[in-house]
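Structure below is run_19.pdb: PDB, C-alpha atoms (C1' of nucleotides).
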ATOM      1  CA  MET U   3     -80.459-172.400 -84.654  1.00  0.00           C
ATOM      2  CA  LYS U   4     -82.229-170.379 -87.303  1.00  0.00           C
ATOM      3  CA  TYR U   5     -82.568-166.686 -88.019  1.00  0.00           C
ATOM      4  CA  TRP U   6     -85.765-164.802 -88.840  1.00  0.00           C
ATOM      5  CA  LEU U   7     -87.134-161.362 -89.562  1.00  0.00           C
ATOM      6  CA  ALA U   8     -90.549-160.305 -88.257  1.00  0.00           C
ATOM      7  CA  LYS U   9     -92.331-157.237 -89.627  1.00  0.00           C
ATOM      8  CA  THR U  10     -94.493-155.010 -87.524  1.00  0.00           C
ATOM      9  CA  GLU U  11     -96.202-151.695 -88.155  1.00  0.00           C
ATOM     10  CA  PRO U  12     -94.958-149.497 -85.325  1.00  0.00           C
ATOM     11  CA  ASN U  13     -98.304-147.676 -85.182  1.00  0.00           C
ATOM     12  CA  THR U  14     -99.805-150.996 -84.149  1.00  0.00           C
ATOM     13  CA  TYR U  15     -96.947-152.546 -82.193  1.00  0.00           C
ATOM     14  CA  SER U  16     -93.455-151.093 -82.046  1.00  0.00           C
ATOM     15  CA  TRP U  17     -90.022-152.150 -80.864  1.00  0.00           C
ATOM     16  CA  GLN U  18     -90.484-149.752 -77.957  1.00  0.00           C
ATOM     17  CA  ASP U  19     -93.750-151.483 -77.090  1.00  0.00           C
ATOM     18  CA  LEU U  20     -91.799-154.734 -76.852  1.00  0.00           C
ATOM     19  CA  LEU U  21     -89.205-153.098 -74.580  1.00  0.00           C
ATOM     20  CA  ASN U  22     -92.022-151.873 -72.357  1.00  0.00           C
ATOM     21  CA  GLU U  23     -93.472-155.371 -71.875  1.00  0.00           C
ATOM     22  CA  PRO U  24     -92.923-157.238 -68.614  1.00  0.00           C
ATOM     23  CA  ASP U  25     -89.654-159.152 -69.030  1.00  0.00           C
ATOM     24  CA  LYS U  26     -89.439-157.566 -72.554  1.00  0.00           C
ATOM     25  CA  THR U  27     -91.511-160.531 -73.712  1.00  0.00           C
ATOM     26  CA  THR U  28     -94.606-160.709 -75.899  1.00  0.00           C
ATOM     27  CA  SER U  29     -96.651-163.167 -77.906  1.00  0.00           C
ATOM     28  CA  TRP U  30     -96.522-162.820 -81.713  1.00  0.00           C
ATOM     29  CA  GLU U  31    -100.112-163.487 -82.716  1.00  0.00           C
ATOM     30  CA  GLY U  32    -102.407-162.593 -85.577  1.00  0.00           C
ATOM     31  CA  VAL U  33    -100.535-164.276 -88.423  1.00  0.00           C
ATOM     32  CA  ARG U  34    -103.197-165.197 -90.968  1.00  0.00           C
ATOM     33  CA  ASN U  35    -101.066-166.329 -93.905  1.00  0.00           C
ATOM     34  CA  TYR U  36    -100.592-170.062 -94.480  1.00  0.00           C
ATOM     35  CA  GLN U  37     -96.984-169.890 -95.595  1.00  0.00           C
ATOM     36  CA  VAL U  38     -96.052-167.972 -92.467  1.00  0.00           C
ATOM     37  CA  ARG U  39     -98.266-170.239 -90.374  1.00  0.00           C
ATOM     38  CA  ASN U  40     -96.320-173.273 -91.602  1.00  0.00           C
ATOM     39  CA  ALA U  41     -93.010-171.648 -90.726  1.00  0.00           C
ATOM     40  CA  ILE U  42     -94.245-170.770 -87.241  1.00  0.00           C
ATOM     41  CA  ARG U  43     -95.753-174.192 -86.628  1.00  0.00           C
ATOM     42  CA  ASP U  44     -92.982-176.322 -88.128  1.00  0.00           C
ATOM     43  CA  GLU U  45     -89.717-174.396 -88.191  1.00  0.00           C
ATOM     44  CA  ILE U  46     -89.425-171.741 -85.519  1.00  0.00           C
ATOM     45  CA  LYS U  47     -87.658-173.186 -82.497  1.00  0.00           C
ATOM     46  CA  LYS U  48     -86.789-171.989 -79.036  1.00  0.00           C
ATOM     47  CA  ASP U  49     -83.638-169.806 -79.011  1.00  0.00           C
ATOM     48  CA  ASP U  50     -83.968-168.884 -82.704  1.00  0.00           C
ATOM     49  CA  LEU U  51     -83.159-165.209 -83.207  1.00  0.00           C
ATOM     50  CA  VAL U  52     -85.437-162.652 -84.838  1.00  0.00           C
ATOM     51  CA  PHE U  53     -84.814-159.226 -86.336  1.00  0.00           C
ATOM     52  CA  ILE U  54     -87.721-156.916 -85.488  1.00  0.00           C
ATOM     53  CA  TYR U  55     -88.488-154.726 -88.510  1.00  0.00           C
ATOM     54  CA  HIS U  56     -90.654-151.623 -88.653  1.00  0.00           C
ATOM     55  CA  SER U  57     -92.688-151.562 -91.877  1.00  0.00           C
ATOM     56  CA  VAL U  58     -94.830-148.857 -93.539  1.00  0.00           C
ATOM     57  CA  VAL U  59     -93.788-145.982 -91.278  1.00  0.00           C
ATOM     58  CA  GLN U  60     -90.558-144.041 -91.802  1.00  0.00           C
ATOM     59  CA  PRO U  61     -87.888-144.887 -91.019  1.00  0.00           C
ATOM     60  CA  MET U  62     -88.522-148.424 -92.210  1.00  0.00           C
ATOM     61  CA  ALA U  63     -85.760-150.306 -90.456  1.00  0.00           C
ATOM     62  CA  ILE U  64     -84.575-153.242 -88.397  1.00  0.00           C
ATOM     63  CA  MET U  65     -84.701-152.021 -84.803  1.00  0.00           C
ATOM     64  CA  GLY U  66     -83.274-154.861 -82.786  1.00  0.00           C
ATOM     65  CA  ILE U  67     -83.024-158.530 -82.014  1.00  0.00           C
ATOM     66  CA  ALA U  68     -85.378-160.795 -80.123  1.00  0.00           C
ATOM     67  CA  LYS U  69     -85.126-164.427 -79.103  1.00  0.00           C
ATOM     68  CA  VAL U  70     -87.803-167.081 -79.407  1.00  0.00           C
ATOM     69  CA  VAL U  71     -88.708-168.043 -75.848  1.00  0.00           C
ATOM     70  CA  LYS U  72     -91.763-170.186 -76.612  1.00  0.00           C
ATOM     71  CA  GLU U  73     -92.426-172.285 -79.692  1.00  0.00           C
ATOM     72  CA  ALA U  74     -95.692-172.496 -81.609  1.00  0.00           C
ATOM     73  CA  TYR U  75     -98.951-172.822 -79.719  1.00  0.00           C
ATOM     74  CA  PRO U  76    -102.540-172.213 -80.890  1.00  0.00           C
ATOM     75  CA  ASP U  77    -103.444-168.578 -81.541  1.00  0.00           C
ATOM     76  CA  HIS U  78    -106.356-168.306 -79.137  1.00  0.00           C
ATOM     77  CA  PHE U  79    -107.329-164.887 -80.481  1.00  0.00           C
ATOM     78  CA  ALA U  80    -108.774-166.775 -83.472  1.00  0.00           C
ATOM     79  CA  PHE U  81    -111.322-168.363 -81.124  1.00  0.00           C
ATOM     80  CA  ASP U  82    -112.753-165.078 -79.825  1.00  0.00           C
ATOM     81  CA  PRO U  83    -115.658-163.807 -81.977  1.00  0.00           C
ATOM     82  CA  THR U  84    -115.225-160.298 -80.598  1.00  0.00           C
ATOM     83  CA  HIS U  85    -111.546-160.069 -81.485  1.00  0.00           C
ATOM     84  CA  LYS U  86    -110.193-158.634 -84.712  1.00  0.00           C
ATOM     85  CA  TYR U  87    -108.125-161.782 -85.208  1.00  0.00           C
ATOM     86  CA  TYR U  88    -111.203-164.021 -84.964  1.00  0.00           C
ATOM     87  CA  ASP U  89    -111.389-166.770 -87.577  1.00  0.00           C
ATOM     88  CA  PRO U  90    -114.299-169.227 -87.446  1.00  0.00           C
ATOM     89  CA  LYS U  91    -112.222-171.794 -89.373  1.00  0.00           C
ATOM     90  CA  SER U  92    -109.989-172.249 -86.352  1.00  0.00           C
ATOM     91  CA  SER U  93    -111.113-174.159 -83.282  1.00  0.00           C
ATOM     92  CA  PRO U  94    -109.374-175.272 -80.079  1.00  0.00           C
ATOM     93  CA  ASP U  95    -109.740-178.898 -81.232  1.00  0.00           C
ATOM     94  CA  ASP U  96    -108.160-178.223 -84.610  1.00  0.00           C
ATOM     95  CA  PRO U  97    -106.397-174.867 -84.591  1.00  0.00           C
ATOM     96  CA  THR U  98    -105.618-173.243 -87.928  1.00  0.00           C
ATOM     97  CA  TRP U  99    -103.374-170.495 -86.619  1.00  0.00           C
ATOM     98  CA  PHE U 100    -100.396-170.441 -84.294  1.00  0.00           C
ATOM     99  CA  MET U 101     -98.424-167.910 -82.311  1.00  0.00           C
ATOM    100  CA  PHE U 102     -95.083-167.879 -80.519  1.00  0.00           C
ATOM    101  CA  ASP U 103     -93.340-165.769 -77.881  1.00  0.00           C
ATOM    102  CA  ILE U 104     -90.286-163.566 -78.221  1.00  0.00           C
ATOM    103  CA  LYS U 105     -88.098-161.597 -75.831  1.00  0.00           C
ATOM    104  CA  ALA U 106     -86.083-158.501 -76.758  1.00  0.00           C
ATOM    105  CA  MET U 107     -82.344-159.123 -76.415  1.00  0.00           C
ATOM    106  CA  GLN U 108     -80.322-156.408 -78.174  1.00  0.00           C
ATOM    107  CA  GLN U 109     -81.000-153.114 -79.892  1.00  0.00           C
ATOM    108  CA  PHE U 110     -79.083-151.586 -82.783  1.00  0.00           C
ATOM    109  CA  ALA U 111     -77.419-148.333 -81.756  1.00  0.00           C
ATOM    110  CA  GLU U 112     -79.035-146.868 -84.879  1.00  0.00           C
ATOM    111  CA  PRO U 113     -81.868-148.580 -86.787  1.00  0.00           C
ATOM    112  CA  VAL U 114     -80.698-150.421 -89.912  1.00  0.00           C
ATOM    113  CA  THR U 115     -82.855-148.785 -92.545  1.00  0.00           C
ATOM    114  CA  LEU U 116     -84.410-150.425 -95.590  1.00  0.00           C
ATOM    115  CA  THR U 117     -82.534-147.944 -97.792  1.00  0.00           C
ATOM    116  CA  GLU U 118     -79.269-149.011 -96.251  1.00  0.00           C
ATOM    117  CA  LEU U 119     -80.063-152.721 -96.533  1.00  0.00           C
ATOM    118  CA  LYS U 120     -80.762-152.220-100.236  1.00  0.00           C
ATOM    119  CA  SER U 121     -77.351-150.654-100.712  1.00  0.00           C
ATOM    120  CA  TYR U 122     -75.448-153.742 -99.506  1.00  0.00           C
ATOM    121  CA  ALA U 123     -74.467-156.104-102.316  1.00  0.00           C
ATOM    122  CA  PRO U 124     -74.395-159.231-100.084  1.00  0.00           C
ATOM    123  CA  LEU U 125     -78.046-158.666 -99.140  1.00  0.00           C
ATOM    124  CA  GLN U 126     -79.515-158.403-102.619  1.00  0.00           C
ATOM    125  CA  ARG U 127     -81.206-161.812-102.332  1.00  0.00           C
ATOM    126  CA  MET U 128     -82.598-161.169 -98.870  1.00  0.00           C
ATOM    127  CA  GLY U 129     -86.325-161.915 -98.686  1.00  0.00           C
ATOM    128  CA  LEU U 130     -87.189-158.502 -97.332  1.00  0.00           C
ATOM    129  CA  LEU U 131     -85.743-156.815-100.420  1.00  0.00           C
ATOM    130  CA  GLN U 132     -87.588-158.932-102.985  1.00  0.00           C
ATOM    131  CA  LYS U 133     -90.385-157.217-104.863  1.00  0.00           C
ATOM    132  CA  GLY U 134     -93.833-158.261-103.706  1.00  0.00           C
ATOM    133  CA  ASN U 135     -92.594-160.091-100.622  1.00  0.00           C
ATOM    134  CA  ARG U 136     -95.343-159.864 -98.044  1.00  0.00           C
ATOM    135  CA  LEU U 137     -94.370-162.561 -95.574  1.00  0.00           C
ATOM    136  CA  SER U 138     -94.610-161.064 -92.100  1.00  0.00           C
ATOM    137  CA  VAL U 139     -92.189-163.637 -90.691  1.00  0.00           C
ATOM    138  CA  GLN U 140     -89.417-164.842 -92.963  1.00  0.00           C
ATOM    139  CA  ARG U 141     -86.070-166.628 -92.869  1.00  0.00           C
ATOM    140  CA  VAL U 142     -82.796-164.730 -92.852  1.00  0.00           C
ATOM    141  CA  SER U 143     -79.700-166.631 -93.971  1.00  0.00           C
ATOM    142  CA  PRO U 144     -76.756-166.882 -91.555  1.00  0.00           C
ATOM    143  CA  VAL U 145     -74.603-164.854 -93.950  1.00  0.00           C
ATOM    144  CA  GLU U 146     -77.204-162.100 -94.162  1.00  0.00           C
ATOM    145  CA  TRP U 147     -77.663-162.154 -90.401  1.00  0.00           C
ATOM    146  CA  GLN U 148     -73.943-161.826 -89.673  1.00  0.00           C
ATOM    147  CA  TYR U 149     -73.532-159.093 -92.250  1.00  0.00           C
ATOM    148  CA  ILE U 150     -76.286-156.997 -90.701  1.00  0.00           C
ATOM    149  CA  MET U 151     -75.026-157.684 -87.173  1.00  0.00           C
ATOM    150  CA  ALA U 152     -71.595-156.388 -88.169  1.00  0.00           C
ATOM    151  CA  SER U 153     -72.999-153.148 -89.574  1.00  0.00           C
ATOM    152  CA  ARG U 154     -73.799-151.572 -86.202  1.00  0.00           C
ATOM    153  CA  LYS U 155     -72.936-151.316 -82.608  1.00  0.00           C
ATOM    154  CA  LEU U 156     -75.362-153.314 -80.494  1.00  0.00           C
ATOM    155  CA  ILE U 157     -76.743-152.334 -77.137  1.00  0.00           C
ATOM    156  CA  ASN U 158     -77.588-155.088 -74.680  1.00  0.00           C
ATOM    157  CA  ILE U 159     -80.989-154.737 -73.101  1.00  0.00           C
ATOM    158  CA  LYS U 160     -81.188-155.230 -69.408  1.00  0.00           C
TER     159      LYS U 160
ATOM    160  C1'  DG T  28    -102.851-141.171-101.517  1.00  0.00           C
ATOM    161  C1'  DC T  29    -101.578-144.376-104.983  1.00  0.00           C
ATOM    162  C1'  DC T  30    -100.980-148.720-106.692  1.00  0.00           C
ATOM    163  C1'  DA T  31     -98.366-153.204-107.623  1.00  0.00           C
ATOM    164  C1'  DA T  32     -98.179-157.633-105.845  1.00  0.00           C
ATOM    165  C1'  DC T  33    -100.233-161.194-103.851  1.00  0.00           C
ATOM    166  C1'  DG T  34    -103.654-164.128-101.187  1.00  0.00           C
ATOM    167  C1'  DT T  35    -108.403-165.423-100.538  1.00  0.00           C
ATOM    168  C1'  DT T  36    -113.177-165.995-101.708  1.00  0.00           C
ATOM    169  C1'  DG T  37    -116.993-167.517-104.162  1.00  0.00           C
ATOM    170  C1'  DG T  38    -119.754-168.134-108.453  1.00  0.00           C
ATOM    171  C1'  DC T  39    -119.885-171.025-112.202  1.00  0.00           C
TER     172       DC T  39
ATOM    173  C1'  DG D  13    -110.899-176.389-111.233  1.00  0.00           C
ATOM    174  C1'  DC D  14    -110.980-171.771-113.141  1.00  0.00           C
ATOM    175  C1'  DC D  15    -110.716-167.088-112.555  1.00  0.00           C
ATOM    176  C1'  DA D  16    -112.813-162.452-111.591  1.00  0.00           C
ATOM    177  C1'  DA D  17    -113.548-159.699-107.743  1.00  0.00           C
ATOM    178  C1'  DC D  18    -112.060-158.186-103.659  1.00  0.00           C
ATOM    179  C1'  DG D  19    -109.074-157.262 -99.568  1.00  0.00           C
ATOM    180  C1'  DT D  20    -104.534-156.587 -97.649  1.00  0.00           C
ATOM    181  C1'  DT D  21     -99.690-155.472 -97.510  1.00  0.00           C
ATOM    182  C1'  DG D  22     -96.341-152.297 -97.791  1.00  0.00           C
ATOM    183  C1'  DG D  23     -93.131-149.334-100.544  1.00  0.00           C
ATOM    184  C1'  DC D  24     -93.136-145.026-102.859  1.00  0.00           C
TER     185       DC D  24
END

Any chance you could put this one into structure tokens?
Amino acid sequence: MKYWLAKTEPNTYSWQDLLNEPDKTTSWEGVRNYQVRNAIRDEIKKDDLVFIYHSVVQPMAIMGIAKVVKEAYPDHFAFDPTHKYYDPKSSPDDPTWFMFDIKAMQQFAEPVTLTELKSYAPLQRMGLLQKGNRLSVQRVSPVEWQYIMASRKLINIK
DNA sequence: GCCAACGTTGGC
DNA sequence: GCCAACGTTGGC
């Protein structure tokens, strides 16, 4: 099993939006970066765990944990000319872009802020903290994952 | 609001 | 194939 971190701008789609979904489950579409596409298509597997991170808006922080419930499948939003995620390069016969589904599992009692993450010596090499890192879905090492998990009380979502 | 970092596009 | 121009991301 692998660990991941997915960024989202809460003004567009927030952790609370995920909690409000039927079965706390949503599709993660709209990735239009090839490096992230390759990770989604080739590496993300069912039952992998994902930190959901709020970017741009204060407080920038990891909000909670989701589980991959469906592996990569074609991002059909790329096929719709009226949709903002439309990309004429991608076709149903030969899709360029992929999406996957996640379900919210646990929430941190308090968000784990970017400022706090930066203050932890064991996390200095974490992808999120590297200058210029713009990958919207990225790997988290097991050590980093466990360290962050141990920093907070977790609330199970029912 | 600014701007550094980075990815993509398109002319040559 | 190079690279300037442009667009986007995302922290400050």

Please evaluate the PyMOL selection byres ((chain U) within 9 of (chain T)) against the structure above and give the resulting residues as number ranges by chain. U: 35, 133-136

Save the residues we just selected, C-alpha atoms, as a tab-separated table (two decimals), in the coordinates of the input?
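Below you can see result.tsv, which holds the result:
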chain	number	residue	atom	x	y	z
U	35	ASN	CA	-101.07	-166.33	-93.90
U	133	LYS	CA	-90.38	-157.22	-104.86
U	134	GLY	CA	-93.83	-158.26	-103.71
U	135	ASN	CA	-92.59	-160.09	-100.62
U	136	ARG	CA	-95.34	-159.86	-98.04

For the file shown, what are the residues hit by the PyMOL selection byres ((chain U and resi 76-81) around 7), laid out as a count of residues only? 15

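Atom CA of U:Val71 to atom CA of U:Gln132 spans 28.6 Å [interatomic distance, one decimal].
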
Reference answer for the PyMOL selection byres ((chain U and resi 55) around 8), as a CSV table (one decimal) with C-alpha atoms, in the coordinates of the input:
chain,number,residue,atom,x,y,z
U,7,LEU,CA,-87.1,-161.4,-89.6
U,8,ALA,CA,-90.5,-160.3,-88.3
U,9,LYS,CA,-92.3,-157.2,-89.6
U,10,THR,CA,-94.5,-155.0,-87.5
U,53,PHE,CA,-84.8,-159.2,-86.3
U,54,ILE,CA,-87.7,-156.9,-85.5
U,56,HIS,CA,-90.7,-151.6,-88.7
U,57,SER,CA,-92.7,-151.6,-91.9
U,62,MET,CA,-88.5,-148.4,-92.2
U,63,ALA,CA,-85.8,-150.3,-90.5
U,64,ILE,CA,-84.6,-153.2,-88.4
U,65,MET,CA,-84.7,-152.0,-84.8
U,66,GLY,CA,-83.3,-154.9,-82.8

How far is it from atom CA of U:Ile157 to atom CA of U:Val52, in Å with one decimal? 15.5 Å

Separation of atom CA of U:Ala68 from atom CA of U:Phe102 in Å: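 Going from atom CA of U:Phe102 over to atom CA of U:Ala68 covers 12.0 Å.
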
Option closest in space to U:Lys72, from U:Glu45, U:Asp96, U:Asp103, U:Asp50 [counting all atoms listed in the file]: U:Asp103

Spatial neighbours of U:Ile159, 12 Å, all atoms listed in the file, chain gap at least 2 places, as a ChimeraX atom specification: /U:18,20-22,25-26,66-68,105-111,156-157

So that all listed atoms of stretch 19-24 of chain D fit with 8 Å spare on each side, what axis-aligned box centre and edge lengths in Å, to one decimal, would you give as JSON?
{"center_x": -101.1, "center_y": -151.1, "center_z": -100.2, "size_x": 31.9, "size_y": 28.2, "size_z": 21.3}

Starting from the incomplete input, reconstruct N, CA and C atoms of stretch 131-142 of chain U and report them as a CSV table (one decimal), in the frame of the given file.
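Generated file (out.csv):
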chain,number,residue,atom,x,y,z
U,131,LEU,N,-86.0,-157.7,-99.3
U,131,LEU,CA,-85.7,-156.8,-100.4
U,131,LEU,C,-86.4,-157.3,-101.7
U,132,GLN,N,-87.0,-158.5,-101.7
U,132,GLN,CA,-87.6,-158.9,-103.0
U,132,GLN,C,-88.9,-158.3,-103.2
U,133,LYS,N,-89.1,-157.9,-104.5
U,133,LYS,CA,-90.4,-157.2,-104.9
U,133,LYS,C,-91.6,-158.1,-104.6
U,134,GLY,N,-92.6,-157.5,-104.0
U,134,GLY,CA,-93.8,-158.3,-103.7
U,134,GLY,C,-93.8,-159.2,-102.5
U,135,ASN,N,-92.7,-159.2,-101.8
U,135,ASN,CA,-92.6,-160.1,-100.6
U,135,ASN,C,-93.4,-159.5,-99.5
U,136,ARG,N,-94.4,-160.3,-99.1
U,136,ARG,CA,-95.3,-159.9,-98.0
U,136,ARG,C,-95.4,-160.8,-96.8
U,137,LEU,N,-94.4,-161.7,-96.7
U,137,LEU,CA,-94.4,-162.6,-95.6
U,137,LEU,C,-94.0,-161.8,-94.3
U,138,SER,N,-94.8,-161.9,-93.3
U,138,SER,CA,-94.6,-161.1,-92.1
U,138,SER,C,-93.6,-161.7,-91.2
U,139,VAL,N,-93.3,-163.0,-91.4
U,139,VAL,CA,-92.2,-163.6,-90.7
U,139,VAL,C,-91.4,-164.4,-91.8
U,140,GLN,N,-90.2,-164.2,-91.9
U,140,GLN,CA,-89.4,-164.8,-93.0
U,140,GLN,C,-88.0,-165.2,-92.5
U,141,ARG,N,-87.4,-166.2,-93.2
U,141,ARG,CA,-86.1,-166.6,-92.9
U,141,ARG,C,-85.0,-165.6,-93.3
U,142,VAL,N,-84.0,-165.5,-92.5
U,142,VAL,CA,-82.8,-164.7,-92.9
U,142,VAL,C,-81.6,-165.7,-92.9
